[in-house]
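Just below is one structure, and these are the notes that go with it.
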Amino acid sequence: VLSLLCLQASEGVTFIGPDTHAIQAMGDKIESKLLAKNAKVNTIPGFDGVVKDADEAVRIAREIGYPVMIKASAGGGGKGMRIAWDDEETREGFRFSSQEAASSFGDDRLLIEKFIDNPRHIEIQVCIIIITTINKHGNALWLNERECSIQRRNQKVVEEAPSTFLDPETRRAMGEQAVALAKAVKYSSAGTVEFLVDSSKNFYFLEMNTRLQVEHPVTECITGLDLVQEMIRVAKGYPLRHKQADIPINGWAVECRVYAEDPYKSFGLPSIGKLSQYQEPLHVPSVRVDSGIQQGSDISIYYDPMISKLITYGSNRAEALKRMEEALDNYVIRGVAHNISLLREVIIHPRFVQGDISTKFLPEVYPDGFKGHKLTDLERRELLATAASLYVAEQLRSQRFLGTPRIPIAKSKRRSWELSVHLGDGIYPVAVSKDGSSFSVEVDGMKLNVTSEWNLASPLLSVTIDGTQRTIQRISRNASGETSIQFLGTVYKLQILTKVAAELSKYMPEKAEEDTSSILRSPMPGTVVAVSVKPGDKV
């Protein structure tokens, strides 16, 4: 709409992006697939027309062969998509996809394609000038690929450039087909052509996005090009300043989409609220954060729950991933649930590190849902030692006033503490002794040395445990010894008591859990579109 308004406006208004024809043609999945076929671009086998009703959907699905993918023709962002493995799922998928498509895009048209099982999602960034009355300089570039296979609900979560999977020949073939499609639709600007790639490196056209993608920063990192600047130059009528041979792959870049979502529910159900505390990890080297919020901003139900795009760059993949790990540990987000724990677990998982990924990565790695980081015995001892040291550091601070002991004539300072720490299903005796600026902590019969500046007013605490540096966040605490600590990306709930208090706590009455057996509670905010029961029905 905006591109059309700019075209109709008085002289001097230019839309930065492709023309209306290209946007409309590529925005319609049915038309874009027909254009791709005519441009000799590999396409997924399927029905190229509009599916009229559920009966026709079943007939088409049987002809294609199960499984099939039901898609909204005007869709994007994973909305209006369903996988069907039989007739019943096809009927159900048709109904739900058409409803979601109408609600999200105002267009309930659907198409059906063969479902490519266990693929990778790899896209090619293009930047093209087609000769027009505005721009007389014809040129076309493909700016290498982005790997976007880590997804939940068909929406990208982690992206990187380049891909660990592609060889130079496949990269070139995909790039050339992407450029051919863009030329076929007379595309002038930056855009992205998305492909599904199977295990044999066969690739199939998925869709073209006629805009700047969320994940464009990783392409900028490895090529050195400013895509926004190039789009402005193209719109103004200037030529592209590079040739295909000039486009490099320098280093590696990774992007994590930081969402206001609860990753423990279906890998991420939206969370709403006010950002009571917000601090981006910009002090970490080679980190870029693209965001549109700040401390105090409201995360509402009316917009996408993305908080920011977190990008790290390194000379190689291992370096980029290590910096991402550090950046996630140093990212402070309070007031809403967020997916940092999931992001951190993905980038350190052995399969991801080895490049063994597909669009099914999350359900395959976490078949029972995401549960957070599973502590090793060493990590558990590190967490217990850190939590106990933090507790003692707070006790010592409470005995001082403006850096001076409250009672100057007090007896010699206390040097040791016997504590009981409750973590998960276990209760652990922990002995802490102060040794200068460090704490010596005994857990499970093993001694650990814990050192920190113990700046308890900071949301971030850098702690060194037996020579290993960890960045932790103390999320909350109360007077009963309960505390929440973000450690290795996951928030753990602990209770820290003195030995005497722990012995007496067994006499304290336990709070009864709320009876929710007669309550129907929505897992996330939304709109009730139908109630399919009435009083007297059996369910």
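Chain labels A, B, ... are given in the sequence in which chains occur in the structure tokens; within each chain residues are numbered consecutively from 1, and ligands are likewise numbered from 1 in the order shown.
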Legend entry - Residues near Gly175 in chain A, cut-off 7 Å, only C-alpha atoms, skip fewer than 4 positions along chain, as a count of residues only: 5
Inset, instruction - Find the spatial neighbours of Phe370 in chain A, counting only C-alpha atoms, within a cut-off of 8 Å - ignore same-chain residues fewer than 5 positions away - and output them as number ranges by chain. - result: A: 263-267, 342
Within 10 Å of range 310-323 of chain A, counting only C-alpha atoms, which residues qualify if same-chain residues fewer than 3 places away don't, as a PDB file with C-alpha atoms, in the first residue's frame?
```pdb
ATOM      1  CA  VAL A 158      18.474 -18.447  15.413  1.00  0.00           C
ATOM      2  CA  GLU A 159      20.112 -17.465  12.124  1.00  0.00           C
ATOM      3  CA  GLU A 160      23.692 -17.470  10.920  1.00  0.00           C
ATOM      4  CA  ALA A 161      25.788 -16.650   7.880  1.00  0.00           C
ATOM      5  CA  PRO A 162      27.223 -18.460   6.129  1.00  0.00           C
ATOM      6  CA  SER A 163      25.688 -21.938   6.367  1.00  0.00           C
ATOM      7  CA  THR A 164      27.781 -24.877   7.536  1.00  0.00           C
ATOM      8  CA  GLU A 215      18.127 -11.392   9.913  1.00  0.00           C
ATOM      9  CA  PRO A 217      22.566  -7.993   9.921  1.00  0.00           C
ATOM     10  CA  VAL A 218      24.378 -11.338   9.614  1.00  0.00           C
ATOM     11  CA  CYS A 221      28.620  -8.687   8.974  1.00  0.00           C
ATOM     12  CA  ILE A 222      30.161 -11.189   6.557  1.00  0.00           C
ATOM     13  CA  ASN A 250      34.562 -12.739   5.794  1.00  0.00           C
ATOM     14  CA  GLY A 251      34.194 -14.450   9.158  1.00  0.00           C
ATOM     15  CA  TRP A 252      30.953 -15.692  10.697  1.00  0.00           C
ATOM     16  CA  ALA A 253      27.886 -14.029  12.180  1.00  0.00           C
ATOM     17  CA  VAL A 254      25.087 -15.372  14.374  1.00  0.00           C
ATOM     18  CA  GLU A 255      21.757 -13.751  15.239  1.00  0.00           C
ATOM     19  CA  CYS A 256      19.417 -14.708  18.074  1.00  0.00           C
ATOM     20  CA  ARG A 257      15.880 -13.378  18.143  1.00  0.00           C
ATOM     21  CA  VAL A 258      15.223 -12.332  21.718  1.00  0.00           C
ATOM     22  CA  GLU A 280      21.787  -4.654  26.436  1.00  0.00           C
ATOM     23  CA  PRO A 281      25.182  -6.439  26.359  1.00  0.00           C
ATOM     24  CA  LEU A 282      26.880  -3.783  24.251  1.00  0.00           C
ATOM     25  CA  VAL A 284      30.774  -7.404  24.932  1.00  0.00           C
ATOM     26  CA  PRO A 285      33.142  -7.187  21.900  1.00  0.00           C
ATOM     27  CA  SER A 286      31.696  -7.614  18.379  1.00  0.00           C
ATOM     28  CA  VAL A 287      28.076  -7.441  19.559  1.00  0.00           C
ATOM     29  CA  ARG A 288      25.259  -5.615  17.787  1.00  0.00           C
ATOM     30  CA  VAL A 289      21.754  -5.180  19.198  1.00  0.00           C
ATOM     31  CA  ASP A 290      18.873  -3.958  17.032  1.00  0.00           C
ATOM     32  CA  SER A 291      15.910  -3.075  19.239  1.00  0.00           C
ATOM     33  CA  ILE A 307      12.396  -7.600  22.055  1.00  0.00           C
ATOM     34  CA  GLU A 326      28.757 -14.292  26.569  1.00  0.00           C
ATOM     35  CA  ALA A 327      26.279 -11.751  25.205  1.00  0.00           C
ATOM     36  CA  LEU A 328      23.265 -13.817  26.309  1.00  0.00           C
ATOM     37  CA  ASP A 329      24.741 -14.168  29.819  1.00  0.00           C
ATOM     38  CA  TYR A 331      21.678  -9.481  28.685  1.00  0.00           C
ATOM     39  CA  ARG A 344      21.746 -20.230  25.011  1.00  0.00           C
ATOM     40  CA  ILE A 347      23.938 -22.445  20.547  1.00  0.00           C
ATOM     41  CA  ILE A 348      25.904 -24.703  22.934  1.00  0.00           C
ATOM     42  CA  VAL A 353      27.868 -26.791  17.242  1.00  0.00           C
TER      43      VAL A 353
END
```
Legend entry - Gap from CA of Gln295 in chain A to CA of Ala387 in chain A - Å, one decimal: 27.0 Å
Inset, instruction - Step one, run DSSP on the backbone; step two, keep only residues of range 458-529 of chain A assigned to strand (DSSP E); then write them as a PyMOL selection string. - result: chain A and resi 461-465+468-477+482-487+490-498
Atoms kept (N, CA and C atoms) for selection, written as an mmCIF file, in the first residue's frame:
```cif
data_model
loop_
_atom_site.group_PDB
_atom_site.id
_atom_site.type_symbol
_atom_site.label_atom_id
_atom_site.label_comp_id
_atom_site.auth_asym_id
_atom_site.auth_seq_id
_atom_site.Cartn_x
_atom_site.Cartn_y
_atom_site.Cartn_z
ATOM 1 N N LEU A 461 26.680 -9.980 37.885
ATOM 2 C CA LEU A 461 27.782 -10.298 38.792
ATOM 3 C C LEU A 461 28.761 -11.214 38.066
ATOM 4 N N SER A 462 29.993 -10.758 37.962
ATOM 5 C CA SER A 462 31.042 -11.583 37.398
ATOM 6 C C SER A 462 31.697 -12.351 38.541
ATOM 7 N N VAL A 463 31.614 -13.666 38.487
ATOM 8 C CA VAL A 463 32.110 -14.529 39.563
ATOM 9 C C VAL A 463 33.140 -15.492 38.980
ATOM 10 N N THR A 464 34.232 -15.677 39.697
ATOM 11 C CA THR A 464 35.248 -16.646 39.287
ATOM 12 C C THR A 464 35.243 -17.808 40.266
ATOM 13 N N ILE A 465 35.013 -19.006 39.741
ATOM 14 C CA ILE A 465 34.914 -20.208 40.565
ATOM 15 C C ILE A 465 36.039 -21.147 40.169
ATOM 16 N N THR A 468 37.316 -20.429 36.791
ATOM 17 C CA THR A 468 36.339 -20.341 35.702
ATOM 18 C C THR A 468 35.437 -19.132 35.908
ATOM 19 N N GLN A 469 35.412 -18.218 34.924
ATOM 20 C CA GLN A 469 34.593 -17.020 35.046
ATOM 21 C C GLN A 469 33.153 -17.307 34.623
ATOM 22 N N ARG A 470 32.213 -16.880 35.449
ATOM 23 C CA ARG A 470 30.784 -16.994 35.141
ATOM 24 C C ARG A 470 30.121 -15.634 35.352
ATOM 25 N N THR A 471 29.193 -15.289 34.485
ATOM 26 C CA THR A 471 28.373 -14.099 34.684
ATOM 27 C C THR A 471 26.995 -14.550 35.121
ATOM 28 N N ILE A 472 26.589 -14.119 36.297
ATOM 29 C CA ILE A 472 25.292 -14.534 36.834
ATOM 30 C C ILE A 472 24.409 -13.308 37.052
ATOM 31 N N GLN A 473 23.136 -13.565 37.227
ATOM 32 C CA GLN A 473 22.190 -12.504 37.581
ATOM 33 C C GLN A 473 21.335 -12.986 38.743
ATOM 34 N N ARG A 474 21.253 -12.179 39.778
ATOM 35 C CA ARG A 474 20.354 -12.513 40.877
ATOM 36 C C ARG A 474 19.022 -11.830 40.559
ATOM 37 N N ILE A 475 18.032 -12.648 40.229
ATOM 38 C CA ILE A 475 16.757 -12.128 39.741
ATOM 39 C C ILE A 475 15.885 -11.618 40.886
ATOM 40 N N SER A 476 15.833 -12.384 41.977
ATOM 41 C CA SER A 476 14.969 -11.992 43.099
ATOM 42 C C SER A 476 15.437 -12.656 44.380
ATOM 43 N N ARG A 477 14.964 -12.147 45.512
ATOM 44 C CA ARG A 477 15.213 -12.764 46.820
ATOM 45 C C ARG A 477 14.145 -12.258 47.783
ATOM 46 N N GLU A 482 14.544 -17.421 50.083
ATOM 47 C CA GLU A 482 14.321 -17.842 48.702
ATOM 48 C C GLU A 482 14.977 -16.853 47.738
ATOM 49 N N THR A 483 15.657 -17.376 46.768
ATOM 50 C CA THR A 483 16.332 -16.528 45.795
ATOM 51 C C THR A 483 16.296 -17.192 44.423
ATOM 52 N N SER A 484 16.308 -16.372 43.368
ATOM 53 C CA SER A 484 16.350 -16.867 41.995
ATOM 54 C C SER A 484 17.610 -16.332 41.340
ATOM 55 N N ILE A 485 18.384 -17.230 40.745
ATOM 56 C CA ILE A 485 19.656 -16.858 40.128
ATOM 57 C C ILE A 485 19.689 -17.357 38.693
ATOM 58 N N GLN A 486 20.032 -16.460 37.783
ATOM 59 C CA GLN A 486 20.225 -16.866 36.389
ATOM 60 C C GLN A 486 21.674 -17.319 36.238
ATOM 61 N N PHE A 487 21.842 -18.603 35.930
ATOM 62 C CA PHE A 487 23.161 -19.230 35.859
ATOM 63 C C PHE A 487 23.206 -20.086 34.604
ATOM 64 N N THR A 490 19.842 -20.174 32.466
ATOM 65 C CA THR A 490 18.597 -20.649 33.070
ATOM 66 C C THR A 490 18.437 -20.075 34.470
ATOM 67 N N VAL A 491 17.207 -19.737 34.831
ATOM 68 C CA VAL A 491 16.918 -19.223 36.170
ATOM 69 C C VAL A 491 16.603 -20.393 37.095
ATOM 70 N N TYR A 492 17.362 -20.480 38.193
ATOM 71 C CA TYR A 492 17.177 -21.543 39.180
ATOM 72 C C TYR A 492 16.651 -20.929 40.477
ATOM 73 N N LYS A 493 15.697 -21.641 41.089
ATOM 74 C CA LYS A 493 15.148 -21.202 42.367
ATOM 75 C C LYS A 493 15.830 -21.972 43.494
ATOM 76 N N LEU A 494 16.347 -21.249 44.467
ATOM 77 C CA LEU A 494 17.017 -21.848 45.610
ATOM 78 C C LEU A 494 16.450 -21.258 46.896
ATOM 79 N N GLN A 495 16.677 -21.972 47.974
ATOM 80 C CA GLN A 495 16.399 -21.422 49.305
ATOM 81 C C GLN A 495 17.647 -21.641 50.152
ATOM 82 N N ILE A 496 18.144 -20.556 50.720
ATOM 83 C CA ILE A 496 19.374 -20.603 51.507
ATOM 84 C C ILE A 496 19.045 -20.238 52.952
ATOM 85 N N LEU A 497 19.321 -21.166 53.852
ATOM 86 C CA LEU A 497 19.043 -20.966 55.277
ATOM 87 C C LEU A 497 20.284 -21.315 56.081
ATOM 88 N N THR A 498 20.372 -20.712 57.267
ATOM 89 C CA THR A 498 21.414 -21.157 58.181
ATOM 90 C C THR A 498 21.071 -22.569 58.638
#
```
Inset, instruction - Find the residues around Leu196 in chain A up to 7 Å (only C-alpha atoms counted), leave out those fewer than 3 positions away in its own chain, and share them as a list in words. - result: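 Near neighbours after the sequence-gap exclusion: Pro119, Arg120, His121, Ile122, Phe203, Tyr204, Phe205 and Leu206 of chain A.
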For Gly106 in chain A, find every residue with an atom within 12 Å (counting only C-alpha atoms), except residues of its own chain fewer than 4 positions away, and show them as a compact mmCIF listing (two decimals) with N, CA and C atoms, in the first residue's frame.
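Writing the result to selection_6.txt gives the following:
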```txt
# COMPACT_ATOMS: atom_id res chain seq x y z
N ALA A 72 -1.13 -20.51 3.78
CA ALA A 72 -1.89 -19.32 3.39
C ALA A 72 -1.19 -18.67 2.22
N SER A 73 -1.94 -18.36 1.15
CA SER A 73 -1.33 -17.77 -0.04
C SER A 73 -0.72 -16.41 0.26
N ALA A 74 -1.35 -15.64 1.13
CA ALA A 74 -0.85 -14.30 1.47
C ALA A 74 -0.03 -14.32 2.74
N GLY A 75 0.35 -15.51 3.20
CA GLY A 75 0.94 -15.66 4.53
C GLY A 75 2.40 -15.29 4.63
N GLY A 80 -0.72 -19.40 9.36
CA GLY A 80 -1.56 -20.02 8.34
C GLY A 80 -0.94 -21.25 7.72
N SER A 98 -7.24 -21.57 7.08
CA SER A 98 -8.05 -20.53 6.45
C SER A 98 -8.52 -19.50 7.47
N GLN A 99 -8.87 -19.96 8.69
CA GLN A 99 -9.27 -19.02 9.75
C GLN A 99 -8.11 -18.11 10.14
N GLU A 100 -6.94 -18.71 10.32
CA GLU A 100 -5.77 -17.92 10.74
C GLU A 100 -5.34 -16.96 9.62
N ALA A 101 -5.43 -17.42 8.38
CA ALA A 101 -5.05 -16.56 7.25
C ALA A 101 -5.99 -15.36 7.14
N ALA A 102 -7.28 -15.61 7.30
CA ALA A 102 -8.25 -14.51 7.23
C ALA A 102 -8.03 -13.52 8.35
```
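Using only C-alpha atoms, the shortest contact distance between Ser103 in chain A and any of A:Asn478, A:Asn339, A:Gln294, A:Thr527 is found at A:Thr527.
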Legend entry - Within 10 Å of Lys52 in chain A using only C-alpha atoms, minus same-chain residues under 2 positions, as a ChimeraX atom specification: /A:49-50,54-57,94,109-111
Include C-alpha atoms and write out the residues we just selected as a tab-separated table (two decimals), in the first residue's frame.
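New file selection_8.tsv:
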```tsv
chain	number	residue	atom	x	y	z
A	49	GLY	CA	-4.15	-23.00	-7.73
A	50	VAL	CA	-6.45	-21.91	-4.91
A	54	ALA	CA	-11.83	-29.12	2.60
A	55	ASP	CA	-13.03	-31.83	0.20
A	56	GLU	CA	-10.85	-30.47	-2.59
A	57	ALA	CA	-7.96	-30.18	-0.13
A	94	PHE	CA	-7.72	-26.47	5.97
A	109	ARG	CA	-6.86	-18.43	0.15
A	110	LEU	CA	-4.78	-21.57	0.63
A	111	LEU	CA	-2.42	-23.71	-1.41
```
Inset, instruction - Name the residues of range 391-504 of chain A that come out as alpha helix (DSSP H) in a backbone DSSP run; write them as JSON, numbers by chain. - result: {"A": [391, 392, 393, 394, 395, 396, 397, 398, 499, 500, 501, 502, 503, 504]}
Inset, instruction - Within 7 Å of range 34-44 of chain A, counting only C-alpha atoms, which residues show up once you throw out same-chain ones fewer than 2 positions away? Write them as a ChimeraX atom specification, please. - result: /A:30-32,46,113-114,177,180-181,184,203-205
May I have the residues from that selection written out with N, CA, C and O atoms, as a PDB file, in the first residue's frame?
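What follows is the written file part.pdb:
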```
ATOM      1  N   ILE A  30       0.838 -18.219  -4.397  1.00  0.00           N
ATOM      2  CA  ILE A  30       0.420 -18.937  -5.603  1.00  0.00           C
ATOM      3  C   ILE A  30       1.052 -18.301  -6.835  1.00  0.00           C
ATOM      4  O   ILE A  30       1.659 -18.975  -7.671  1.00  0.00           O
ATOM      5  N   GLU A  31       0.932 -16.984  -6.955  1.00  0.00           N
ATOM      6  CA  GLU A  31       1.503 -16.291  -8.116  1.00  0.00           C
ATOM      7  C   GLU A  31       3.022 -16.386  -8.117  1.00  0.00           C
ATOM      8  O   GLU A  31       3.640 -16.578  -9.171  1.00  0.00           O
ATOM      9  N   SER A  32       3.627 -16.254  -6.943  1.00  0.00           N
ATOM     10  CA  SER A  32       5.096 -16.289  -6.880  1.00  0.00           C
ATOM     11  C   SER A  32       5.634 -17.658  -7.291  1.00  0.00           C
ATOM     12  O   SER A  32       6.686 -17.759  -7.941  1.00  0.00           O
ATOM     13  N   GLY A  46       3.402 -29.617  -6.032  1.00  0.00           N
ATOM     14  CA  GLY A  46       2.162 -29.314  -5.339  1.00  0.00           C
ATOM     15  C   GLY A  46       1.109 -28.778  -6.284  1.00  0.00           C
ATOM     16  O   GLY A  46       1.270 -28.773  -7.506  1.00  0.00           O
ATOM     17  N   GLU A 113       1.198 -28.033  -0.852  1.00  0.00           N
ATOM     18  CA  GLU A 113       2.437 -28.510  -1.444  1.00  0.00           C
ATOM     19  C   GLU A 113       2.878 -29.801  -0.758  1.00  0.00           C
ATOM     20  O   GLU A 113       2.443 -30.104   0.364  1.00  0.00           O
ATOM     21  N   LYS A 114       3.763 -30.523  -1.416  1.00  0.00           N
ATOM     22  CA  LYS A 114       4.395 -31.669  -0.783  1.00  0.00           C
ATOM     23  C   LYS A 114       5.234 -31.174   0.385  1.00  0.00           C
ATOM     24  O   LYS A 114       5.965 -30.187   0.278  1.00  0.00           O
ATOM     25  N   GLN A 177      19.749 -18.805  -9.158  1.00  0.00           N
ATOM     26  CA  GLN A 177      18.293 -18.957  -9.283  1.00  0.00           C
ATOM     27  C   GLN A 177      17.558 -17.824  -8.570  1.00  0.00           C
ATOM     28  O   GLN A 177      16.507 -17.357  -9.029  1.00  0.00           O
ATOM     29  N   ALA A 180      17.673 -14.937 -10.869  1.00  0.00           N
ATOM     30  CA  ALA A 180      16.785 -15.166 -12.016  1.00  0.00           C
ATOM     31  C   ALA A 180      15.334 -14.856 -11.656  1.00  0.00           C
ATOM     32  O   ALA A 180      14.595 -14.253 -12.452  1.00  0.00           O
ATOM     33  N   LEU A 181      14.916 -15.259 -10.467  1.00  0.00           N
ATOM     34  CA  LEU A 181      13.541 -14.981 -10.046  1.00  0.00           C
ATOM     35  C   LEU A 181      13.326 -13.485  -9.867  1.00  0.00           C
ATOM     36  O   LEU A 181      12.297 -12.935 -10.295  1.00  0.00           O
ATOM     37  N   ALA A 184      12.943 -11.871 -13.111  1.00  0.00           N
ATOM     38  CA  ALA A 184      11.672 -12.215 -13.754  1.00  0.00           C
ATOM     39  C   ALA A 184      10.543 -11.317 -13.298  1.00  0.00           C
ATOM     40  O   ALA A 184       9.591 -11.062 -14.054  1.00  0.00           O
ATOM     41  N   PHE A 203      17.519 -28.156  -3.621  1.00  0.00           N
ATOM     42  CA  PHE A 203      16.870 -26.990  -3.028  1.00  0.00           C
ATOM     43  C   PHE A 203      15.619 -26.615  -3.807  1.00  0.00           C
ATOM     44  O   PHE A 203      15.537 -26.812  -5.028  1.00  0.00           O
ATOM     45  N   TYR A 204      14.636 -26.068  -3.072  1.00  0.00           N
ATOM     46  CA  TYR A 204      13.333 -25.759  -3.647  1.00  0.00           C
ATOM     47  C   TYR A 204      12.890 -24.367  -3.187  1.00  0.00           C
ATOM     48  O   TYR A 204      12.994 -24.029  -2.003  1.00  0.00           O
ATOM     49  N   PHE A 205      12.349 -23.593  -4.114  1.00  0.00           N
ATOM     50  CA  PHE A 205      11.857 -22.257  -3.803  1.00  0.00           C
ATOM     51  C   PHE A 205      10.721 -22.316  -2.783  1.00  0.00           C
ATOM     52  O   PHE A 205       9.803 -23.125  -2.898  1.00  0.00           O
TER      53      PHE A 205
END
```
